[in-house]
>>> print(open('run30.txt').read())   # compact mmCIF, C-alpha atoms
# COMPACT_ATOMS: atom_id res chain seq x y z
CA MET A 273 -53.89 51.83 47.66
CA ASP A 274 -56.16 52.82 44.77
CA PHE A 275 -54.97 51.78 41.31
CA GLN A 276 -57.88 53.46 39.55
CA LEU A 277 -57.81 56.87 37.91
CA THR A 278 -60.09 59.55 39.32
CA GLU A 279 -63.14 60.73 37.40
CA GLU A 280 -61.31 63.93 36.54
CA GLN A 281 -58.30 62.01 35.21
CA LEU A 282 -60.55 59.71 33.17
CA LEU A 283 -62.32 62.72 31.68
CA TYR A 284 -58.96 64.31 30.86
CA LYS A 285 -57.72 61.11 29.18
CA ASP A 286 -60.94 60.83 27.20
CA THR A 287 -60.69 64.43 26.01
CA VAL A 288 -57.09 64.00 24.85
CA ARG A 289 -57.93 60.63 23.26
CA LYS A 290 -60.78 62.08 21.20
CA LEU A 291 -58.60 64.96 20.01
CA ALA A 292 -55.75 62.63 19.07
CA GLN A 293 -57.94 60.04 17.35
CA LYS A 294 -59.72 62.70 15.31
CA HIS A 295 -56.78 64.88 14.26
CA LEU A 296 -53.61 62.79 14.65
CA ALA A 297 -54.39 59.13 14.03
CA PRO A 298 -55.25 59.57 10.30
CA GLY A 299 -51.73 60.83 9.42
CA ALA A 300 -49.74 58.69 11.86
CA VAL A 301 -47.86 56.58 9.29
CA ALA A 302 -47.04 59.57 7.09
CA ARG A 303 -45.63 61.49 10.06
CA ALA A 304 -43.57 58.49 11.11
CA ASN A 305 -41.96 58.37 7.68
CA SER A 306 -41.30 62.11 7.48
CA ASP A 307 -38.09 63.90 8.48
CA ALA A 308 -39.93 67.15 9.14
CA TYR A 309 -40.88 68.24 12.63
CA PRO A 310 -44.72 68.34 12.79
CA TRP A 311 -45.23 72.04 13.45
CA ASP A 312 -48.90 71.68 12.55
CA VAL A 313 -49.25 69.21 15.41
CA ALA A 314 -47.42 71.58 17.76
CA LYS A 315 -49.89 74.33 16.92
CA LEU A 316 -52.88 72.02 17.42
CA LEU A 317 -51.62 70.75 20.77
CA ALA A 318 -50.81 74.27 21.95
CA GLU A 319 -54.32 75.45 21.06
CA ASN A 320 -55.72 72.61 23.15
CA GLY A 321 -53.59 73.23 26.22
CA LEU A 322 -51.24 70.29 25.80
CA LEU A 323 -47.96 72.23 25.88
CA GLY A 324 -46.66 73.47 29.22
CA ILE A 325 -49.05 71.20 31.11
CA THR A 326 -47.07 71.26 34.35
CA MET A 327 -46.04 74.91 34.21
CA PRO A 328 -47.78 77.57 36.34
CA GLU A 329 -50.56 79.51 34.69
CA ALA A 330 -48.65 82.69 35.49
CA ASP A 331 -45.94 81.50 33.10
CA GLY A 332 -48.41 80.63 30.36
CA GLY A 333 -48.74 76.97 31.32
CA GLN A 334 -51.73 74.89 32.37
CA GLY A 335 -50.95 74.48 36.08
CA GLY A 336 -51.31 70.69 35.90
CA THR A 337 -49.29 67.85 37.37
CA LEU A 338 -46.53 65.67 35.98
CA PHE A 339 -49.06 62.83 35.92
CA ASP A 340 -51.35 64.91 33.69
CA ALA A 341 -48.48 65.22 31.22
CA VAL A 342 -47.90 61.46 31.36
CA LEU A 343 -51.57 60.77 30.59
CA ALA A 344 -51.44 63.21 27.66
CA ILE A 345 -48.30 61.69 26.17
CA GLU A 346 -49.84 58.22 26.43
CA GLU A 347 -53.04 59.10 24.63
CA VAL A 348 -51.27 61.03 21.88
CA ALA A 349 -48.74 58.21 21.33
CA LEU A 350 -51.53 55.64 21.12
CA ALA A 351 -52.98 57.64 18.22
CA CYS A 352 -49.78 58.87 16.57
CA PRO A 353 -46.34 57.93 17.96
CA ARG A 354 -44.56 60.75 16.10
CA SER A 355 -46.89 63.37 17.57
CA ALA A 356 -45.93 62.23 21.06
CA ASP A 357 -42.51 63.79 20.35
CA VAL A 358 -44.26 67.17 20.34
CA ILE A 359 -45.75 66.49 23.77
CA GLN A 360 -42.25 65.60 24.94
CA ALA A 361 -40.73 68.78 23.48
CA GLY A 362 -43.48 70.96 24.95
CA ASN A 363 -43.53 69.48 28.47
CA PHE A 364 -40.37 67.56 29.31
CA GLY A 365 -36.63 67.81 28.73
CA ALA A 366 -35.19 71.20 27.89
CA ILE A 367 -38.39 73.19 28.31
CA ARG A 368 -39.06 71.66 31.74
CA THR A 369 -35.55 72.46 32.97
CA PHE A 370 -35.81 75.95 31.51
CA ALA A 371 -39.14 76.62 33.19
CA GLU A 372 -37.81 75.34 36.51
CA TYR A 373 -34.75 77.58 36.69
CA ALA A 374 -35.26 80.51 34.29
CA THR A 375 -35.55 84.05 35.59
CA PRO A 376 -38.84 85.93 35.10
CA GLU A 377 -37.19 87.93 32.32
CA GLN A 378 -35.99 84.77 30.53
CA LYS A 379 -39.45 83.25 30.76
CA LYS A 380 -41.01 86.40 29.36
CA ARG A 381 -38.60 86.36 26.41
CA PHE A 382 -38.86 82.73 25.40
CA LEU A 383 -41.86 80.90 26.85
CA PRO A 384 -44.63 82.52 24.76
CA ASP A 385 -43.26 81.18 21.46
CA LEU A 386 -42.32 77.82 22.99
CA LEU A 387 -45.75 77.26 24.52
CA SER A 388 -47.62 78.37 21.41
CA GLY A 389 -45.87 75.76 19.28
CA LYS A 390 -44.10 78.38 17.16
CA LYS A 391 -40.58 77.51 18.31
CA ALA A 392 -38.75 74.66 20.03
CA ILE A 393 -35.94 74.41 22.57
CA ALA A 394 -33.27 71.69 22.57
CA VAL A 395 -30.91 70.54 25.30
CA ALA A 396 -27.27 70.24 24.18
CA MET A 397 -25.37 67.97 26.54
CA THR A 398 -23.47 65.23 24.72
CA GLU A 399 -20.03 65.83 23.25
CA PRO A 400 -17.72 63.61 21.18
CA GLU A 401 -15.79 62.67 24.35
CA ALA A 402 -18.54 63.15 26.93
CA GLY A 403 -21.56 60.88 26.58
CA SER A 404 -22.85 59.10 29.66
CA ALA A 405 -19.94 60.74 31.53
CA VAL A 406 -21.41 64.19 30.94
CA THR A 407 -19.20 65.67 33.69
CA GLU A 408 -16.28 65.30 31.27
CA LEU A 409 -17.72 67.92 28.92
CA LYS A 410 -15.26 70.45 27.46
CA SER A 411 -17.50 73.13 25.94
CA SER A 412 -16.71 76.19 28.01
CA VAL A 413 -17.45 79.84 28.56
CA THR A 414 -14.86 82.43 29.55
CA PRO A 415 -15.52 85.96 30.81
CA ASP A 416 -15.49 88.72 28.22
CA GLY A 417 -16.54 92.16 29.31
CA ASN A 418 -19.98 91.92 30.89
CA GLY A 419 -20.65 88.55 29.23
CA PHE A 420 -18.96 85.35 28.14
CA ARG A 421 -17.42 83.68 25.08
CA LEU A 422 -18.59 80.14 24.30
CA ASN A 423 -16.35 77.59 22.57
CA GLY A 424 -16.79 73.87 21.96
CA THR A 425 -19.06 71.40 20.21
CA LYS A 426 -22.07 69.16 20.90
CA VAL A 427 -23.38 66.03 19.17
CA PHE A 428 -26.57 63.93 19.07
CA THR A 429 -28.78 66.88 20.01
CA THR A 430 -32.43 66.02 19.44
CA LEU A 431 -34.28 68.85 17.63
CA SER A 432 -30.99 70.46 16.60
CA THR A 433 -32.28 70.84 13.03
CA GLU A 434 -35.40 72.70 14.19
CA ALA A 435 -34.77 74.40 17.53
CA GLU A 436 -34.48 78.17 17.78
CA LEU A 437 -33.15 78.02 21.33
CA PHE A 438 -30.54 75.70 22.84
CA LEU A 439 -30.01 74.96 26.52
CA VAL A 440 -26.28 74.24 26.47
CA TYR A 441 -24.40 72.52 29.28
CA VAL A 442 -21.08 74.34 29.62
CA ARG A 443 -18.05 74.57 31.81
CA PHE A 444 -17.50 77.84 33.69
CA GLY A 445 -14.56 76.36 35.57
CA PRO A 446 -12.89 73.05 36.55
CA GLY A 447 -14.63 70.09 38.16
CA THR A 448 -18.29 69.27 38.53
CA THR A 449 -18.86 72.49 40.46
CA GLY A 450 -17.69 74.43 37.44
CA ILE A 451 -20.55 73.21 35.24
CA GLY A 452 -23.64 75.26 34.49
CA SER A 453 -25.77 76.11 31.46
CA ILE A 454 -26.46 78.95 29.05
CA LEU A 455 -29.18 79.79 26.54
CA LEU A 456 -27.94 80.02 22.97
CA GLU A 457 -30.14 81.41 20.23
CA ARG A 458 -29.96 80.16 16.64
CA GLY A 459 -28.26 82.77 14.50
CA THR A 460 -25.80 83.85 17.20
CA PRO A 461 -22.50 84.85 15.50
CA GLY A 462 -19.99 82.01 15.77
CA PHE A 463 -22.68 79.34 16.14
CA SER A 464 -22.85 76.91 13.23
CA LEU A 465 -24.32 73.49 12.53
CA GLY A 466 -22.73 70.57 10.72
CA GLN A 467 -24.11 68.23 8.09
CA LYS A 468 -27.48 66.64 8.78
CA SER A 469 -27.43 63.05 9.98
CA ARG A 470 -30.16 60.65 11.07
CA PHE A 471 -30.75 58.37 14.02
CA MET A 472 -32.13 54.90 13.36
CA GLY A 473 -35.39 56.09 14.87
CA GLY A 474 -35.80 58.66 12.11
CA ASP A 475 -34.84 61.90 13.88
CA ALA A 476 -32.43 64.21 12.10
CA TRP A 477 -29.60 65.90 14.02
CA GLN A 478 -26.63 68.14 13.37
CA GLN A 479 -23.38 68.68 15.23
CA LEU A 480 -23.25 72.06 16.98
CA TYR A 481 -20.10 74.20 16.76
CA PHE A 482 -19.37 77.18 19.01
CA GLU A 483 -16.57 79.57 18.05
CA ASN A 484 -16.29 82.58 20.33
CA CYS A 485 -20.07 82.97 20.57
CA PHE A 486 -20.85 85.95 22.76
CA ILE A 487 -23.25 85.05 25.58
CA PRO A 488 -24.77 88.05 27.35
CA PRO A 489 -25.28 87.70 31.11
CA GLU A 490 -29.06 87.55 30.67
CA ASN A 491 -28.59 84.28 28.70
CA VAL A 492 -26.99 82.42 31.61
CA LEU A 493 -29.55 79.93 32.92
CA LEU A 494 -27.50 78.35 35.71
CA PRO A 495 -24.00 79.58 36.58
CA ALA A 496 -21.16 77.46 37.93
CA GLY A 497 -22.49 75.10 40.57
CA GLY A 498 -25.74 74.48 38.73
CA PHE A 499 -24.93 70.99 37.53
CA LYS A 500 -26.81 69.17 40.29
CA LYS A 501 -29.94 71.22 39.62
CA GLN A 502 -29.70 70.45 35.91
CA ILE A 503 -29.33 66.72 36.48
CA ALA A 504 -32.22 66.74 38.97
CA GLY A 505 -34.32 68.46 36.32
CA PHE A 506 -33.30 65.77 33.87
CA ASN A 507 -35.31 63.23 35.86
CA ALA A 508 -38.44 64.92 34.51
CA GLU A 509 -37.11 64.44 30.96
CA ARG A 510 -36.74 60.76 31.73
CA ILE A 511 -40.39 60.56 32.70
CA GLY A 512 -41.24 61.79 29.21
CA ASN A 513 -38.85 59.30 27.62
CA THR A 514 -40.31 56.55 29.77
CA SER A 515 -43.90 57.46 28.94
CA ARG A 516 -43.25 57.51 25.20
CA ALA A 517 -41.36 54.22 25.24
CA LEU A 518 -44.21 52.44 26.98
CA ALA A 519 -47.00 54.08 24.97
CA VAL A 520 -45.29 53.47 21.61
CA GLY A 521 -44.77 49.83 22.59
CA ARG A 522 -48.45 49.63 23.45
CA HIS A 523 -49.32 51.24 20.11
CA ALA A 524 -47.46 48.43 18.31
CA TYR A 525 -49.20 45.90 20.57
CA ASN A 526 -52.62 47.29 19.61
CA VAL A 527 -51.83 47.15 15.89
CA ALA A 528 -50.57 43.58 16.15
CA ARG A 529 -53.58 42.54 18.22
CA GLU A 530 -55.97 43.76 15.52
CA HIS A 531 -53.86 41.97 12.92
CA ALA A 532 -54.08 38.72 14.89
CA ARG A 533 -57.83 39.09 15.23
CA ASN A 534 -58.34 39.36 11.47
CA ARG A 535 -55.46 37.53 9.74
CA ARG A 536 -56.05 33.89 8.77
CA GLN A 537 -53.36 31.28 8.23
CA PHE A 538 -53.72 27.51 7.94
CA GLY A 539 -57.50 27.86 8.05
CA GLN A 540 -57.84 29.80 11.30
CA LEU A 541 -57.33 33.22 12.81
CA LEU A 542 -53.86 33.97 14.18
CA CYS A 543 -55.36 34.77 17.59
CA GLU A 544 -56.57 31.16 17.83
CA PHE A 545 -53.01 29.76 17.85
CA GLN A 546 -51.89 29.11 21.41
CA GLY A 547 -48.33 30.15 20.65
CA LEU A 548 -49.49 33.63 19.66
CA GLN A 549 -51.90 33.81 22.59
CA TRP A 550 -48.97 33.27 24.91
CA LYS A 551 -46.99 35.98 23.12
CA PHE A 552 -49.76 38.49 23.72
CA ALA A 553 -50.18 37.41 27.33
CA ASP A 554 -46.47 38.01 27.95
CA MET A 555 -46.65 41.38 26.19
CA ALA A 556 -49.62 42.44 28.31
CA ILE A 557 -47.80 41.50 31.52
CA LYS A 558 -44.77 43.57 30.55
CA LEU A 559 -46.88 46.60 29.64
CA GLU A 560 -49.03 46.51 32.76
CA ALA A 561 -46.12 45.99 35.17
CA ALA A 562 -44.04 48.77 33.63
CA GLN A 563 -47.00 51.16 33.65
CA LEU A 564 -47.41 50.79 37.41
CA LEU A 565 -43.76 51.75 37.93
CA LEU A 566 -44.16 54.75 35.62
CA TYR A 567 -47.31 55.92 37.42
CA ARG A 568 -45.61 55.57 40.80
CA ALA A 569 -42.71 57.79 39.74
CA ALA A 570 -45.02 60.41 38.22
CA LEU A 571 -47.60 60.45 41.03
CA ASN A 572 -45.05 60.57 43.83
CA ALA A 573 -43.41 63.54 42.16
CA ALA A 574 -46.66 65.53 41.98
CA ASN A 575 -45.48 68.98 40.83
CA GLN A 576 -41.94 68.47 42.13
CA LEU A 577 -38.96 66.91 40.37
CA PRO A 578 -39.29 63.11 40.43
CA SER A 579 -37.21 60.74 42.54
CA GLU A 580 -34.00 59.57 40.88
CA TYR A 581 -34.50 56.03 42.20
CA GLU A 582 -38.14 55.69 41.13
CA THR A 583 -37.47 57.35 37.78
CA SER A 584 -34.52 55.08 37.06
CA ILE A 585 -36.54 51.94 37.82
CA ALA A 586 -39.45 53.16 35.71
CA LYS A 587 -37.20 54.05 32.80
CA VAL A 588 -35.50 50.65 32.71
CA ALA A 589 -38.81 48.80 32.99
CA CYS A 590 -40.62 50.91 30.39
CA ASN A 591 -37.70 51.07 27.95
CA ARG A 592 -37.39 47.30 28.04
CA ALA A 593 -41.12 46.66 27.88
CA GLY A 594 -41.67 49.14 25.06
CA PHE A 595 -38.93 47.72 22.87
CA GLU A 596 -39.60 44.05 23.61
CA VAL A 597 -43.33 44.42 23.01
CA ALA A 598 -42.84 46.41 19.78
CA ASN A 599 -40.34 43.82 18.57
CA GLU A 600 -42.73 40.95 19.32
CA ALA A 601 -45.56 42.85 17.63
CA LEU A 602 -43.45 43.10 14.48
CA GLN A 603 -42.73 39.36 14.66
CA VAL A 604 -46.45 38.63 14.91
CA MET A 605 -47.14 40.69 11.79
CA GLY A 606 -44.25 39.25 9.81
CA ALA A 607 -43.42 41.01 6.55
CA LEU A 608 -46.45 43.30 6.93
CA GLY A 609 -44.98 44.76 10.09
CA PHE A 610 -41.55 45.13 8.50
CA THR A 611 -42.71 47.44 5.68
CA GLU A 612 -42.71 51.22 5.78
CA GLU A 613 -46.47 51.09 5.19
CA SER A 614 -46.77 49.73 8.73
CA ILE A 615 -46.10 51.88 11.76
CA VAL A 616 -44.92 48.88 13.78
CA GLN A 617 -41.39 48.91 12.33
CA TYR A 618 -41.20 52.59 13.31
CA CYS A 619 -42.26 51.70 16.85
CA VAL A 620 -39.43 49.15 17.07
CA ARG A 621 -36.84 51.69 15.93
CA ARG A 622 -38.13 54.44 18.21
CA THR A 623 -38.33 52.34 21.35
CA ARG A 624 -34.82 50.98 20.74
CA GLY A 625 -33.41 54.51 20.72
CA TRP A 626 -34.92 55.40 24.08
CA MET A 627 -32.90 52.63 25.70
CA ILE A 628 -29.90 54.89 24.99
CA ALA A 629 -31.33 58.42 25.09
CA GLY A 630 -32.04 60.17 28.37
CA GLY A 631 -29.62 57.95 30.26
CA SER A 632 -28.81 54.48 28.97
CA ILE A 633 -30.20 51.34 30.57
CA GLU A 634 -26.77 50.62 32.02
CA ILE A 635 -26.46 54.06 33.62
CA MET A 636 -29.94 53.66 35.12
CA LEU A 637 -28.94 50.28 36.54
CA ASN A 638 -25.89 51.94 38.11
CA ARG A 639 -28.13 54.55 39.73
CA ILE A 640 -30.50 51.89 41.04
CA ALA A 641 -27.60 49.86 42.45
CA GLY A 642 -26.17 53.00 44.02
CA SER A 643 -29.43 53.51 45.90
CA ILE A 644 -29.61 49.86 46.94
CA PHE A 645 -26.12 49.87 48.43
CA GLU A 646 -26.12 53.58 49.33
CA THR A 647 -22.86 54.05 47.46
CA ARG A 648 -24.08 57.34 45.95
CA SER A 649 -24.86 58.67 49.43
CA ARG A 650 -21.36 57.77 50.62
CA LYS A 651 -19.79 59.50 47.62
CA LYS A 652 -21.82 62.66 48.33
CA ALA A 653 -20.73 62.58 51.97
CA LEU A 654 -17.08 62.22 50.99
CA THR A 655 -17.37 65.07 48.52
CA ALA A 656 -18.95 67.31 51.16
CA ALA A 657 -16.19 66.41 53.64
CA GLU A 658 -13.54 67.45 51.14
>>> encode(input="run30.txt", output="C-alpha cells")
Amino acid sequence: MDFQLTEEQLLYKDTVRKLAQKHLAPGAVARANSDAYPWDVAKLLAENGLLGITMPEADGGQGGTLFDAVLAIEEVALACPRSADVIQAGNFGAIRTFAEYATPEQKKRFLPDLLSGKKAIAVAMTEPEAGSAVTELKSSVTPDGNGFRLNGTKVFTTLSTEAELFLVYVRFGPGTTGIGSILLERGTPGFSLGQKSRFMGGDAWQQLYFENCFIPPENVLLPAGGFKKQIAGFNAERIGNTSRALAVGRHAYNVAREHARNRRQFGQLLCEFQGLQWKFADMAIKLEAAQLLLYRAALNAANQLPSEYETSIAKVACNRAGFEVANEALQVMGALGFTEESIVQYCVRRTRGWMIAGGSIEIMLNRIAGSIFETRSRKKALTAAE
C-alpha cells in the first residue's frame, strides 16, 4: 500500500498552495472576522478551476476526483480557513447532491452561475423539531394544478443569508418513503427569511419560512422515495466537513508551532520546554492518524459517493482531531491566541461547530456501531420484508 501522493497530485497541491498563499493568506484574519460571504474569493477560485472539481466537464465542472477536492480544500484552508468555506460550497454539500441528481435542464439553468462563483446554493434540512432525526421533518408539498404548494420552515441553514437557490428536503407523503426534495429560488412568492442570527463559528443564518410557495414541476429535484439518495449524497458533504475540520486544526497547529519557535519565556524558547514538545507531538499524532482515515474514505470513493462507514469514521476522527488540536494551539499561544487579531481562536470556534454540523459525532458513532453489529442491515431487511 502506497501512502505517497503521485507526482500529478503533488503538482496539483503545489499549484493550489501557491494560489492560496499569494491571494488568500494575506487577508485570512480579516475574512475570519467578517460576516460577509467572500464573493471575491468565489470568483478567484472559479477562475482557477476550483469549483465543481468532481463534476463532469460536460456540466461545466473539472472532471476530477473527490480526492482532488479534498486536496484543494486542505491547501486553501492552510492559507485561509474562511476561504475553505467557498471550496466546500462549490464542491460539496448542496451543490454535490444537486449535480448528482439534477436533470439536464436543471443543470443548464443553475450550474453556470453556481460554478462561476456568482451564486450559491444551500441545503435546507433541519427544522425546529427535526434535527438529527431528519426523517421527522414536517415541511411539505401538496399538489396544486401541474405543480405543488410548499409550506413549513427550516432553521440553521448555512448560507441562508447569501444563497439564491435552496435545496429543500420536503415531505410529499407520510413516512420515510414520502420524503424528497425541491429547488426553491430566492424571491419566490411566499418565501421569507427571519431575523439574522449567528453561529459561534461566525456564520450568519436566517430561519426560512414557506407559505404556499408554488413549486413548478421542473423544480422537483427528487420526488417521494428520494430520501435514501439524498442521504447517500450527504456522505460527500461530510467529506468536505471532515477535510475542513482537519485542515483548520492543522492551520492552528502551524500558527502555534511558529509561535513556539520564536516566543521566549523564562529565558528560553517555548519549543525548548519538554511539556510543550509533548503537546506538539500529541497534536501531530492526532492530525496524521485522522488524515489517513480521511484519505481512505476519499480515495475509496473515487468518483462515486463515499462509503457511509468509512465517512463516519473519518468524520469522527477529523472532527475530534481538528478541534482538540486547535484548542491546544490556543492554549500554547495563551492570550495572544485568544484575541481577535489571531486566527487561532477562530479555528477553535469553527472546528467545534463541525462536530455538530453534517451529522453530529454521536450520530456518526451510531452509524459506525450499526455497521459493526450489522443492526442497520437488519433494519433494512425488516423494512423490505414489510
>>> residues_near_point(input="run30.txt", point="(-22.8, 72.3, 12.1)", cutoff="10 Å", atoms="all atoms listed in the file", output="VMD selection string")
chain A and resid 425 to 427 432 to 433 463 to 468 477 to 482
>>> closest_residue(input="run30.txt", among="A:Gly630, A:Gly594, A:Pro376, A:Gly606", to="Val520 of chain A", atoms="only C-alpha atoms")
A:Gly594
>>> closest_residue(input="run30.txt", among="A:Val301, A:Ala607, A:Leu296, A:Ala589", to="Leu316 of chain A", atoms="only C-alpha atoms")
A:Leu296
>>> atom_distance(input="run30.txt", atom1="atom CA of Leu437 of chain A", atom2="atom CA of Phe486 of chain A")
14.7 Å
>>> closest_residue(input="run30.txt", among="A:Tyr309, A:Phe506, A:Phe364, A:Phe339", to="Ala570 of chain A", atoms="all atoms listed in the file")
A:Phe339
>>> atom_distance(input="run30.txt", atom1="atom CA of Arg458 of chain A", atom2="atom CA of Asn423 of chain A")
15.1 Å
>>> closest_residue(input="run30.txt", among="A:Phe438, A:Phe444, A:Trp311, A:Phe428", to="Pro415 of chain A", atoms="all atoms listed in the file")
A:Phe444
>>> atom_distance(input="run30.txt", atom1="atom CA of Arg354 of chain A", atom2="atom CA of Arg568 of chain A")
25.3 Å
>>> closest_residue(input="run30.txt", among="A:Leu343, A:Glu582, A:Met327, A:Ala304", to="Thr287 of chain A", atoms="only C-alpha atoms")
A:Leu343
>>> closest_residue(input="run30.txt", among="A:Glu319, A:Glu408, A:Glu612, A:Asp274", to="Gly450 of chain A", atoms="all atoms listed in the file")
A:Glu408
>>> residues_around(input="run30.txt", residues="Gln378 of chain A", least_positions_apart="5", cutoff="10 Å", atoms="only C-alpha atoms", output="list in words")
Phe370, Ala371, Tyr373, Leu383, Leu455, Glu490, Asn491, Val492 and Leu493 of chain A
>>> residues_around(input="run30.txt", residues="Pro495 of chain A", least_positions_apart="4", cutoff="12 Å", atoms="all atoms listed in the file", output="list in words")
Tyr373, Ala374, Ser412, Val413, Thr414, Phe420, Val440, Tyr441, Val442, Arg443, Phe444, Gly445, Thr448, Thr449, Gly450, Ile451, Gly452, Ser453, Ile454, Leu455, Pro489, Glu490, Asn491, Phe499, Lys500, Lys501 and Gln502 of chain A
>>> residues_around(input="run30.txt", residues="Gln563 of chain A", least_positions_apart="2", cutoff="10 Å", atoms="all atoms listed in the file", output="ChimeraX atom specification")
/A:514-515,518-519,557-561,565-569,586,589-590,593
>>> decode(input="run30.txt", residues="segment 572-620 of chain A", atoms="C-alpha atoms", output="PDB file, in the first residue's frame")
ATOM      1  CA  ASN A 572     -12.024   4.538  -1.992  1.00  0.00           C
ATOM      2  CA  ALA A 573     -14.933   6.626  -3.208  1.00  0.00           C
ATOM      3  CA  ALA A 574     -13.099   7.732  -6.375  1.00  0.00           C
ATOM      4  CA  ASN A 575     -15.846   9.497  -8.359  1.00  0.00           C
ATOM      5  CA  GLN A 576     -18.659   7.636  -6.608  1.00  0.00           C
ATOM      6  CA  LEU A 577     -20.468   8.531  -3.390  1.00  0.00           C
ATOM      7  CA  PRO A 578     -18.286   7.611  -0.400  1.00  0.00           C
ATOM      8  CA  SER A 579     -18.915   4.721   1.978  1.00  0.00           C
ATOM      9  CA  GLU A 580     -21.116   5.580   4.954  1.00  0.00           C
ATOM     10  CA  TYR A 581     -18.913   3.533   7.290  1.00  0.00           C
ATOM     11  CA  GLU A 582     -15.591   4.985   6.137  1.00  0.00           C
ATOM     12  CA  THR A 583     -17.003   8.508   6.000  1.00  0.00           C
ATOM     13  CA  SER A 584     -18.433   8.245   9.513  1.00  0.00           C
ATOM     14  CA  ILE A 585     -15.121   7.041  10.943  1.00  0.00           C
ATOM     15  CA  ALA A 586     -13.198   9.764   9.124  1.00  0.00           C
ATOM     16  CA  LYS A 587     -15.606  12.462  10.268  1.00  0.00           C
ATOM     17  CA  VAL A 588     -15.387  11.491  13.937  1.00  0.00           C
ATOM     18  CA  ALA A 589     -11.596  11.239  13.818  1.00  0.00           C
ATOM     19  CA  CYS A 590     -11.075  14.506  11.922  1.00  0.00           C
ATOM     20  CA  ASN A 591     -13.689  16.470  13.862  1.00  0.00           C
ATOM     21  CA  ARG A 592     -12.085  15.440  17.129  1.00  0.00           C
ATOM     22  CA  ALA A 593      -8.531  15.956  15.919  1.00  0.00           C
ATOM     23  CA  GLY A 594      -9.295  19.343  14.375  1.00  0.00           C
ATOM     24  CA  PHE A 595     -10.970  20.723  17.483  1.00  0.00           C
ATOM     25  CA  GLU A 596      -8.557  19.223  20.009  1.00  0.00           C
ATOM     26  CA  VAL A 597      -5.508  20.413  18.086  1.00  0.00           C
ATOM     27  CA  ALA A 598      -6.927  23.920  17.564  1.00  0.00           C
ATOM     28  CA  ASN A 599      -7.809  24.111  21.252  1.00  0.00           C
ATOM     29  CA  GLU A 600      -4.308  23.035  22.289  1.00  0.00           C
ATOM     30  CA  ALA A 601      -2.800  25.513  19.829  1.00  0.00           C
ATOM     31  CA  LEU A 602      -4.760  28.299  21.505  1.00  0.00           C
ATOM     32  CA  GLN A 603      -3.518  27.125  24.915  1.00  0.00           C
ATOM     33  CA  VAL A 604       0.069  27.236  23.672  1.00  0.00           C
ATOM     34  CA  MET A 605      -0.368  30.817  22.500  1.00  0.00           C
ATOM     35  CA  GLY A 606      -2.153  31.970  25.631  1.00  0.00           C
ATOM     36  CA  ALA A 607      -3.763  35.406  25.462  1.00  0.00           C
ATOM     37  CA  LEU A 608      -2.272  36.025  22.004  1.00  0.00           C
ATOM     38  CA  GLY A 609      -4.270  33.128  20.611  1.00  0.00           C
ATOM     39  CA  PHE A 610      -7.427  34.266  22.386  1.00  0.00           C
ATOM     40  CA  THR A 611      -7.583  37.692  20.695  1.00  0.00           C
ATOM     41  CA  GLU A 612      -9.468  38.502  17.512  1.00  0.00           C
ATOM     42  CA  GLU A 613      -6.142  39.563  15.995  1.00  0.00           C
ATOM     43  CA  SER A 614      -5.195  35.882  15.996  1.00  0.00           C
ATOM     44  CA  ILE A 615      -6.845  33.400  13.681  1.00  0.00           C
ATOM     45  CA  VAL A 616      -6.364  30.566  16.183  1.00  0.00           C
ATOM     46  CA  GLN A 617      -9.445  31.478  18.247  1.00  0.00           C
ATOM     47  CA  TYR A 618     -11.443  31.392  15.003  1.00  0.00           C
ATOM     48  CA  CYS A 619     -10.075  27.928  14.251  1.00  0.00           C
ATOM     49  CA  VAL A 620     -11.259  26.709  17.664  1.00  0.00           C
TER      50      VAL A 620
END
